[in-house]
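Asker: I am attaching a structure below and will ask some questions about it afterwards.
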Amino acid sequence: MEANAGMVAGSHDRNELVVIRQEADGPKPLQHSSGQICQICGDDVGITTTGELFVACNDCGFPVCRPCYEYERKDGNRACPQCKTRYKRHKGSPRVEGDDVDDDVDNLDSGFNYVDMERQDRQHIAEAMLHGHMNYGRAESQTAYQTRQTIPQIPFQANGRHISSEPPLTSPDHNSFSGPLGGGAGRIHPMPYLDSNIPSSVESRSMDMSREFSPYEFGDVAWKDRVESWKLKQEKMQMMMTEGGQDGGKGDYDDGQNGADIPMMDDARQPLSRKVQIPASKINPYRMVIILRLLILCFFLKYRIQNPVENAYGLWLTSVICEIWFALSWILDQFPKWLPINRETYLQRLSLRFEPEGQPSKLAAVDIFVSTVDPMKEPPLVTANTVLSILAVDYPVDKVSCYVSDDGAAMLTFETLSETSEFARKWIPFCKKFNIEPRAPEMYFAQKIDYLKDKIQPTFVKERRAMKREYEEFKVRVNALVAKAQKVPEEGWTMQDGTPWPGNNTRDHPGMIQVFLGHSGGHDTEGNELPRLVYVSREKRPGFNHHKKAGAMNALVRVSAVLTNAPYFLNLDCDHYINNSKALREAMCFMMDPPIGKRCCYVQFPQRFDGIDLHDRYANHNTVFFDINLKGLDGVQGPVYVGTGCVFRRQAFYGVEAAPPADKPPKDDFLGQCCCGPRKRDKNSKSTLSDKKLTARSDSTVPMFSLEDIEEGVEGYDDDNKSLLMSQKTYEKRFGQSPVFVASTFYEDGGVPESASPASLLKEAIHVISCGYEDKTEWGKEIGWIYGSVTEDILTGFKMHCRGWRSIYCMPARPAFKGSAPINLSDRLNQVLRWALGSVEIFLSRHCPMWYGYGGRLKWLERLAYINTTIYPLTSIPLVAYCSLPAVCLLTGKFIIPEISNFASLWFISLFVSIFATGILEMRWGGVGIDDWWRNEQFWVIGGVSAHLFAIFQGLLKVLAGIDTNFTVTAKAADDSDFGELYVFKWTTLLIPPTTLLIINLVGVVAGISDAINSGYQSWGPLFGKLFFALWVIVHLYPFLKGLMGRQNRTPTIVIVWSILLASIFSLLWVRIDPFVTKT
């Protein structure tokens, strides 16, 4: 996109595409980029890789585009329409009957192969897609804007594809962009390389680039590249033999990342990360206690089943059923933590290997996604701080692109980003000059630490004061925008040039894209380039299912693939800022390390939070989950995806199956064959390939193609399979009808074509965010974020693990990301309700881990972990029943356990000791404090008897009856002091079950004590077991009770007195009436 071009907005289905310029008189359609129009189809003629205009006929120069030229040669008259001279064959064009040998200038090296065959196959497919599909080829209305524009054709090259890691986007100055893209007719794709009437051998022959170029022009270069590539492989092989692969892979990472010019020092040769095993003194006792606890649990349940309580058979049976379920739930939670590990990264080695002194950085590019919906619920200032921390990250600026998804199409978010991009020009150089942490200004200036520590520059204090003043002025401007947005004008919002804001109707608006900062148009105050900042709001129309956050994230995947196509991307919530500026480098230590990077689908970072009360009353830090559970899974197949703070490999999102380790060929799954029958063979595969077969796949668990198959090259296939692999229909059905995006999926190392014009890329970007783009494709089913659950994160990670990928858990000393969490009781319960509802939806879907994916490569301990994440809400039913039993026992005088002997009491004592021993040893190797562990236990009960219970019924209504029930929260009070939100009381129906349990157990305790006082000394013995049972429930619900009461000094004394008095009166009346005693 050209500098100062404005924002692009449009709708592909409505054939609209306009540019809204700040200085212009109004919207203007995109113009053709080359100035020559094809006289056959009306599209842009395009240019060659040398930047020259494409000329089909050298005799008369009649303007014809490359696709029409190819079509005329194959199916037309094979002659120029004007001078009737027979078309001569251009480089890269397929041969046709009648071509002269003299014209066949690309045939001299047909017996040689100077191309790196490791990546040639993906280049063939990608460039064929781009070459044959850059124009839409559909009739357009004469009244619509004439916006048809093609990306210039990309001639094939002998020594690799012409790919740039830096897209040609530049930065407009805060303008916007909207408009229609194609007509309503069906899409027509003239594909000159595929024809059912031409034999497949001819079609595949035209794609063999090694036979299409003259060695006199390209041979020397290709041979030199081949020799250099061979030297690099020899060096890497020697390095891998000395170091050893961590996962058994051979580390085939051949992108010049270890170039010959890099000094091969010892540190540069070493692995970029390593596993750190838990010391045997900590892990071995832990494992022994687990086995011991399992044995004790078996004997305990055996005793409970064999010794029923005759006079309270119903209570006994209920308790035994609950205890059996708790035992199964504990097994599912405990055993995935059997192999915990820690990891270390070596950032210095990463710099030595990929950032040699005096040379451009060879680190991989990273796209960063930030999602937001409602600026009234997600404050724009919070989003701005997140964006600023991203733009100031310690990573090469030309490798970072930030995409902000505004799913609410709010002009407030758009204007906030405009202000943010201006402030970033001052903030980013300040951060990098003084190396400050964190790089979110709100959090940096709010730190209560000595900010002069380790600062030696004399100008630091002066510049810090000036920057703080600049930030306060920035906050005032953003707050003014928020205040202005409180009242929407009757005619809707208008932009600075008077154009109506395209997103005035949030449910019916075109797609919008704005490039605020770019490598060619965005510079800071010191003249340095800035990372790219792109605003994206996908198209929304009535009658379409937009799939909420998952759909917005998939739209960002496609937009970023068209504009920048970085091989990795990071997703963050709008309230999660980068707390460690080296977070991306931490992730690259795994992703770019050959032994483990090839099989790693994502690197998950733990979530850390600001603004939590000192005692963490409602376990918002969730420390046990992030520091124990996920660390345990890292030793199996990797942690589950938790929705934010995760760096992904883009190829893993495209449904690609991970290649198995070289020393571990794929094996058939016996359990999968028993449960699901034998795995089906791919109908596209043949009985034999060069040295291996295509991986067998089932219909539901394995993608259509695997990375291993693509890297194998087309030479292992016969002619029929070559033509099938090249079929554009197959890829359009899978990825959608965007040739640019389909071509980008084959660029494993990222990048976009250098010859692609910015305007054409933006036009295609508008296309891929249209509301109907995903129709009849595999988006949300096998590709991208998976639909079908409000917790799309769990489902998406589960699908990747089923394909054989592994994930990695990275816990740097300084937390990589920090966010905000709801500290109010009602808000916290509603958050837990949403998570539990997503698990119930997965449990009731075809993706349930109990029966899905047995034909894949999911490890059984990893499966246990996923089963636990989907069935844990079901524990709420036995938990509510079990928490009700103490009150019933106290009020009836009965108990769930009969009189036990001294020997039998040992099982009860041993069980309690093993429970506490397991927790203590977990805290020891996990580094978790006892207060965090206890808060986690308390909130497990609080959430289990409230949010999890409602999630079961809401999930059943939603999945079985199609009724979507929402729980509304109404604020009753506010508090402006520190942690004031903690004491705000908001009524919600989620409060009813735990409140009821608290009341009946308190009443039961009073009634039991009162009855013992009246009955005499002999009744105190049986009472202690019942009181212990009831107090166990009350202690676990104590944080909930504090949340109901609010501040201590704000709870009226009269309320406390009356509560005690009424409970006492009710208990005494209960004892007096004694309804459970048979009247004589």
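Numbering starts fresh at 1 for the residues of each chain in the structure tokens, the chains themselves are lettered A, B, ... in the order given, and ligands are numbered from 1 as they appear.
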Neighbouring residues of A:Gly314 were defined as those with any atom within 12 Å, considering only C-alpha atoms; residues of the same chain fewer than 3 positions away were excluded. Please report them as a ChimeraX atom specification.
Answerer: /A:308-311,317-321,881,885,888-889,894-897
Asker: Based on the selection just made, write all heavy atoms of those residues as a compact mmCIF listing (two decimals), in the first residue's frame.
Answerer:
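The result, stored in result.txt:
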```txt
# COMPACT_ATOMS: atom_id res chain seq x y z
N PRO A 308 -21.41 -51.39 54.29
CA PRO A 308 -22.49 -50.40 54.19
C PRO A 308 -23.05 -50.03 55.56
O PRO A 308 -22.84 -50.74 56.54
CB PRO A 308 -23.53 -51.12 53.33
CG PRO A 308 -23.30 -52.56 53.60
CD PRO A 308 -21.82 -52.72 53.80
N VAL A 309 -23.74 -48.92 55.60
CA VAL A 309 -24.41 -48.45 56.83
C VAL A 309 -25.89 -48.80 56.68
O VAL A 309 -26.59 -48.22 55.85
CB VAL A 309 -24.22 -46.94 57.02
CG1 VAL A 309 -24.90 -46.48 58.31
CG2 VAL A 309 -22.74 -46.60 57.04
N GLU A 310 -26.34 -49.75 57.48
CA GLU A 310 -27.69 -50.29 57.31
C GLU A 310 -28.77 -49.26 57.59
O GLU A 310 -29.78 -49.17 56.89
CB GLU A 310 -27.89 -51.51 58.20
CG GLU A 310 -26.92 -52.65 57.90
CD GLU A 310 -27.11 -53.20 56.50
OE1 GLU A 310 -28.18 -52.99 55.90
OE2 GLU A 310 -26.15 -53.82 55.97
N ASN A 311 -28.58 -48.45 58.67
CA ASN A 311 -29.64 -47.50 59.04
C ASN A 311 -29.57 -46.19 58.24
O ASN A 311 -30.37 -45.29 58.46
CB ASN A 311 -29.57 -47.20 60.54
CG ASN A 311 -28.26 -46.53 60.92
OD1 ASN A 311 -27.28 -46.63 60.18
ND2 ASN A 311 -28.24 -45.87 62.06
N LEU A 317 -24.68 -44.97 50.22
CA LEU A 317 -24.55 -45.22 48.78
C LEU A 317 -24.17 -43.94 48.04
O LEU A 317 -23.31 -43.96 47.14
CB LEU A 317 -25.86 -45.77 48.23
CG LEU A 317 -25.86 -46.13 46.74
CD1 LEU A 317 -24.82 -47.21 46.44
CD2 LEU A 317 -27.26 -46.58 46.31
N THR A 318 -24.78 -42.82 48.41
CA THR A 318 -24.45 -41.55 47.77
C THR A 318 -22.98 -41.19 47.99
O THR A 318 -22.27 -40.77 47.07
CB THR A 318 -25.34 -40.43 48.32
OG1 THR A 318 -26.72 -40.75 48.08
CG2 THR A 318 -25.02 -39.10 47.65
N SER A 319 -22.52 -41.37 49.21
CA SER A 319 -21.13 -41.02 49.52
C SER A 319 -20.15 -41.92 48.78
O SER A 319 -19.11 -41.45 48.31
CB SER A 319 -20.90 -41.12 51.04
OG SER A 319 -21.04 -42.45 51.49
N VAL A 320 -20.45 -43.22 48.66
CA VAL A 320 -19.54 -44.14 47.97
C VAL A 320 -19.45 -43.80 46.48
O VAL A 320 -18.35 -43.80 45.88
CB VAL A 320 -19.99 -45.60 48.18
CG1 VAL A 320 -19.20 -46.54 47.27
CG2 VAL A 320 -19.80 -46.00 49.63
N ILE A 321 -20.59 -43.50 45.87
CA ILE A 321 -20.57 -43.12 44.45
C ILE A 321 -19.74 -41.86 44.25
O ILE A 321 -18.93 -41.77 43.31
CB ILE A 321 -22.01 -42.93 43.94
CG1 ILE A 321 -22.77 -44.26 43.95
CG2 ILE A 321 -22.00 -42.33 42.54
CD1 ILE A 321 -24.23 -44.14 43.57
N ALA A 881 -23.48 -32.95 46.00
CA ALA A 881 -24.08 -33.98 46.86
C ALA A 881 -23.22 -34.26 48.08
O ALA A 881 -23.72 -34.38 49.21
CB ALA A 881 -24.29 -35.26 46.05
N LEU A 885 -24.00 -33.70 52.35
CA LEU A 885 -24.10 -34.82 53.29
C LEU A 885 -23.81 -34.42 54.74
O LEU A 885 -24.50 -34.91 55.65
CB LEU A 885 -23.15 -35.94 52.85
CG LEU A 885 -23.55 -36.70 51.58
CD1 LEU A 885 -22.48 -37.73 51.23
CD2 LEU A 885 -24.90 -37.37 51.76
N VAL A 888 -26.95 -33.00 56.33
CA VAL A 888 -27.99 -34.02 56.49
C VAL A 888 -27.64 -34.95 57.65
O VAL A 888 -28.51 -35.33 58.45
CB VAL A 888 -28.16 -34.82 55.18
CG1 VAL A 888 -29.18 -35.94 55.35
CG2 VAL A 888 -28.58 -33.89 54.05
N CYS A 889 -26.37 -35.31 57.75
CA CYS A 889 -25.95 -36.19 58.86
C CYS A 889 -26.15 -35.51 60.20
O CYS A 889 -26.60 -36.14 61.18
CB CYS A 889 -24.49 -36.59 58.68
SG CYS A 889 -24.18 -37.67 57.27
N LYS A 894 -27.57 -39.38 61.74
CA LYS A 894 -26.97 -40.54 61.07
C LYS A 894 -25.65 -40.14 60.46
O LYS A 894 -25.30 -38.96 60.38
CB LYS A 894 -27.92 -41.08 60.01
CG LYS A 894 -29.29 -41.48 60.57
CD LYS A 894 -30.23 -41.92 59.46
CE LYS A 894 -31.61 -42.29 60.04
NZ LYS A 894 -32.55 -42.71 58.97
N PHE A 895 -24.88 -41.16 60.01
CA PHE A 895 -23.58 -40.88 59.42
C PHE A 895 -23.31 -41.85 58.28
O PHE A 895 -23.91 -42.94 58.22
CB PHE A 895 -22.48 -40.99 60.49
CG PHE A 895 -21.21 -40.28 60.11
CD1 PHE A 895 -21.24 -39.06 59.47
CD2 PHE A 895 -19.97 -40.84 60.40
CE1 PHE A 895 -20.07 -38.40 59.12
CE2 PHE A 895 -18.80 -40.19 60.05
CZ PHE A 895 -18.85 -38.96 59.41
N ILE A 896 -22.41 -41.45 57.37
CA ILE A 896 -22.15 -42.24 56.17
C ILE A 896 -21.16 -43.36 56.44
O ILE A 896 -20.94 -44.22 55.58
CB ILE A 896 -21.60 -41.34 55.04
CG1 ILE A 896 -20.31 -40.65 55.49
CG2 ILE A 896 -22.64 -40.31 54.62
CD1 ILE A 896 -19.64 -39.83 54.40
N ILE A 897 -20.53 -43.39 57.62
CA ILE A 897 -19.52 -44.40 57.94
C ILE A 897 -19.98 -45.15 59.18
O ILE A 897 -20.36 -44.53 60.18
CB ILE A 897 -18.15 -43.75 58.19
CG1 ILE A 897 -17.68 -42.98 56.95
CG2 ILE A 897 -17.11 -44.81 58.57
CD1 ILE A 897 -16.40 -42.22 57.15
```
Asker: Write out as a count of residues only the residues lying within 12 Å of stretch 298-303 of chain A, counting only C-alpha atoms and excluding same-chain residues fewer than 6 positions away.
Answerer: 28
Asker: Which one of A:Asp406, A:Glu526, A:Asp616, A:Asp333 sits closest to A:Val370 if you count only C-alpha atoms?
Answerer: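 Using only C-alpha atoms, the shortest distance to A:Val370 belongs to A:Asp406.
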Asker: Which polymer residues have any atom within 8 Å of an atom of A:Leu530, counting only C-alpha atoms, with same-chain residues fewer than 2 positions away left out, as a list in words?
Answerer: Leu391, Val397, Asp398, Arg425, Leu517, Gly518, His519, Gly522, His523, Asp524, Asn528 and Arg532 of chain A
Asker: Which of stretch 369-563 of chain A end up as alpha helix (DSSP H) when DSSP is run on this backbone - answer as a PyMOL selection string?
Answerer: chain A and resi 380-391+411-434+441-445+460-484+548-563
Asker: For A:Leu858, which residue out of A:Tyr1017, A:Trp805, A:Tyr87, A:Phe414 is the nearest one, using only C-alpha atoms?
Answerer: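 Between A:Tyr1017, A:Trp805, A:Tyr87, A:Phe414, the residue approaching A:Leu858 most closely is A:Trp805.
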Asker: I'd like the neighbourhood of A:Leu864 as a VMD selection string, where a residue qualifies if any of its atoms comes within 10 Å (using only C-alpha atoms), though same-chain residues fewer than 6 positions away should be ignored.
Answerer: chain A and resid 331 to 336 849 to 850
Asker: Report, in Å to a single decimal, how far apart atom CA of A:Ala392 and atom CA of A:Lys432 are.
Answerer: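 Separation between atom CA of A:Lys432 and atom CA of A:Ala392: 7.3 Å.
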Asker: Please list as a list of chain:residue names every residue within 6 Å of A:Ser946, counting only C-alpha atoms and excluding residues in the same chain fewer than 2 positions away.
Answerer: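 Once the nearby chain positions are removed, what remains is A:Gly943, A:Gly944, A:His948, A:Leu949, A:Leu990, A:Pro993.
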Asker: Those residues you just picked out, can you put them in a file as a compact mmCIF listing (two decimals), in the first residue's frame with all heavy atoms?
Answerer:
```txt
# COMPACT_ATOMS: atom_id res chain seq x y z
N GLY A 943 -15.91 -22.99 42.82
CA GLY A 943 -16.31 -23.05 41.41
C GLY A 943 -17.06 -24.32 41.08
O GLY A 943 -17.96 -24.31 40.22
N GLY A 944 -16.72 -25.43 41.77
CA GLY A 944 -17.38 -26.70 41.47
C GLY A 944 -18.84 -26.72 41.84
O GLY A 944 -19.65 -27.32 41.13
N HIS A 948 -19.45 -24.58 37.66
CA HIS A 948 -19.41 -25.86 36.96
C HIS A 948 -20.79 -26.51 36.89
O HIS A 948 -21.15 -27.12 35.88
CB HIS A 948 -18.43 -26.81 37.66
CG HIS A 948 -17.02 -26.31 37.66
ND1 HIS A 948 -16.00 -26.95 38.34
CD2 HIS A 948 -16.45 -25.24 37.05
CE1 HIS A 948 -14.88 -26.27 38.18
NE2 HIS A 948 -15.13 -25.24 37.40
N LEU A 949 -21.56 -26.36 37.95
CA LEU A 949 -22.91 -26.95 37.96
C LEU A 949 -23.80 -26.27 36.93
O LEU A 949 -24.53 -26.94 36.18
CB LEU A 949 -23.51 -26.81 39.36
CG LEU A 949 -24.88 -27.44 39.58
CD1 LEU A 949 -24.81 -28.95 39.44
CD2 LEU A 949 -25.44 -27.07 40.95
N LEU A 990 -25.38 -17.56 40.00
CA LEU A 990 -24.30 -18.48 40.37
C LEU A 990 -24.05 -18.49 41.88
O LEU A 990 -23.43 -19.42 42.39
CB LEU A 990 -23.01 -18.08 39.65
CG LEU A 990 -23.01 -18.14 38.13
CD1 LEU A 990 -21.70 -17.61 37.57
CD2 LEU A 990 -23.22 -19.57 37.66
N PRO A 993 -26.24 -21.75 44.71
CA PRO A 993 -25.84 -23.05 45.27
C PRO A 993 -24.82 -22.96 46.40
O PRO A 993 -25.04 -23.57 47.46
CB PRO A 993 -25.27 -23.80 44.05
CG PRO A 993 -25.89 -23.14 42.87
CD PRO A 993 -26.02 -21.71 43.24
```
Asker: Atom CA of A:Phe569 and atom CA of A:Pro753, how far apart in Å?
Answerer: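 Computing it gives 19.3 Å between the two atoms.
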Asker: Considering only C-alpha atoms, state which residue in the set A:Lys818, A:Arg439, A:Lys733, A:Lys598 is at the smallest distance from A:Cys574.
Answerer: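 Looking at the shortest contact to A:Cys574, the residue is A:Lys818.
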Asker: Please provide as number ranges by chain all residues within 9 Å of A:Leu762, with the sequence filter that same-chain residues fewer than 6 positions apart are discarded (counting only C-alpha atoms).
Answerer: A: 1, 8, 513, 559, 562-563
Asker: Mind writing the picked residues with all heavy atoms as a short mmCIF file (atom, residue, chain, number, x, y, z; two decimals), in the first residue's frame?
Answerer:
```cif
data_model
loop_
_atom_site.label_atom_id
_atom_site.label_comp_id
_atom_site.auth_asym_id
_atom_site.auth_seq_id
_atom_site.Cartn_x
_atom_site.Cartn_y
_atom_site.Cartn_z
N MET A 1 0.84 -1.19 0.00
CA MET A 1 0.00 0.00 0.00
C MET A 1 0.88 1.24 0.00
O MET A 1 1.84 1.33 0.76
CB MET A 1 -0.90 -0.01 1.23
CG MET A 1 -1.91 1.10 1.27
SD MET A 1 -3.05 0.90 2.65
CE MET A 1 -4.09 2.31 2.36
N VAL A 8 -8.42 0.85 3.70
CA VAL A 8 -9.16 0.06 2.73
C VAL A 8 -10.35 -0.56 3.42
O VAL A 8 -10.20 -1.17 4.47
CB VAL A 8 -8.28 -1.04 2.12
CG1 VAL A 8 -9.04 -1.82 1.07
CG2 VAL A 8 -7.04 -0.44 1.53
N ILE A 513 -9.43 -2.41 6.58
CA ILE A 513 -8.00 -2.61 6.86
C ILE A 513 -7.31 -1.26 6.80
O ILE A 513 -7.50 -0.50 5.85
CB ILE A 513 -7.35 -3.59 5.86
CG1 ILE A 513 -8.01 -4.96 5.96
CG2 ILE A 513 -5.85 -3.69 6.11
CD1 ILE A 513 -7.47 -5.95 4.95
N VAL A 559 -5.46 -12.66 6.80
CA VAL A 559 -4.98 -11.32 6.44
C VAL A 559 -3.47 -11.25 6.56
O VAL A 559 -2.77 -10.74 5.66
CB VAL A 559 -5.65 -10.25 7.33
CG1 VAL A 559 -4.93 -8.91 7.18
CG2 VAL A 559 -7.11 -10.08 6.95
N VAL A 562 -1.63 -12.97 3.75
CA VAL A 562 -1.61 -12.24 2.49
C VAL A 562 -0.64 -11.07 2.54
O VAL A 562 0.09 -10.81 1.57
CB VAL A 562 -3.04 -11.74 2.15
CG1 VAL A 562 -3.01 -10.79 0.96
CG2 VAL A 562 -3.95 -12.93 1.85
N LEU A 563 -0.59 -10.35 3.67
CA LEU A 563 0.20 -9.12 3.74
C LEU A 563 1.65 -9.36 4.15
O LEU A 563 2.55 -8.71 3.60
CB LEU A 563 -0.45 -8.14 4.72
CG LEU A 563 -1.87 -7.67 4.37
CD1 LEU A 563 -2.36 -6.67 5.39
CD2 LEU A 563 -1.92 -7.08 2.97
#
```
Asker: Could the residues of stretch 779-840 of chain A that have an atom at most 9 Å from stretch 582-597 of chain A be listed as a tab-separated table, each with its closest atom pair and the distance in Å to one decimal, counting only C-alpha atoms and ordered by chain and ascending residue number?
Answerer:
```
residue	atom	partner	partner_atom	distance
A:Ile808	CA	A:Phe590	CA	7.9
A:Cys810	CA	A:Ala587	CA	7.4
A:Pro812	CA	A:Glu586	CA	7.6
A:Pro815	CA	A:Ala583	CA	8.5
A:Ala816	CA	A:Ala583	CA	5.3
A:Phe817	CA	A:Ala583	CA	8.0
```
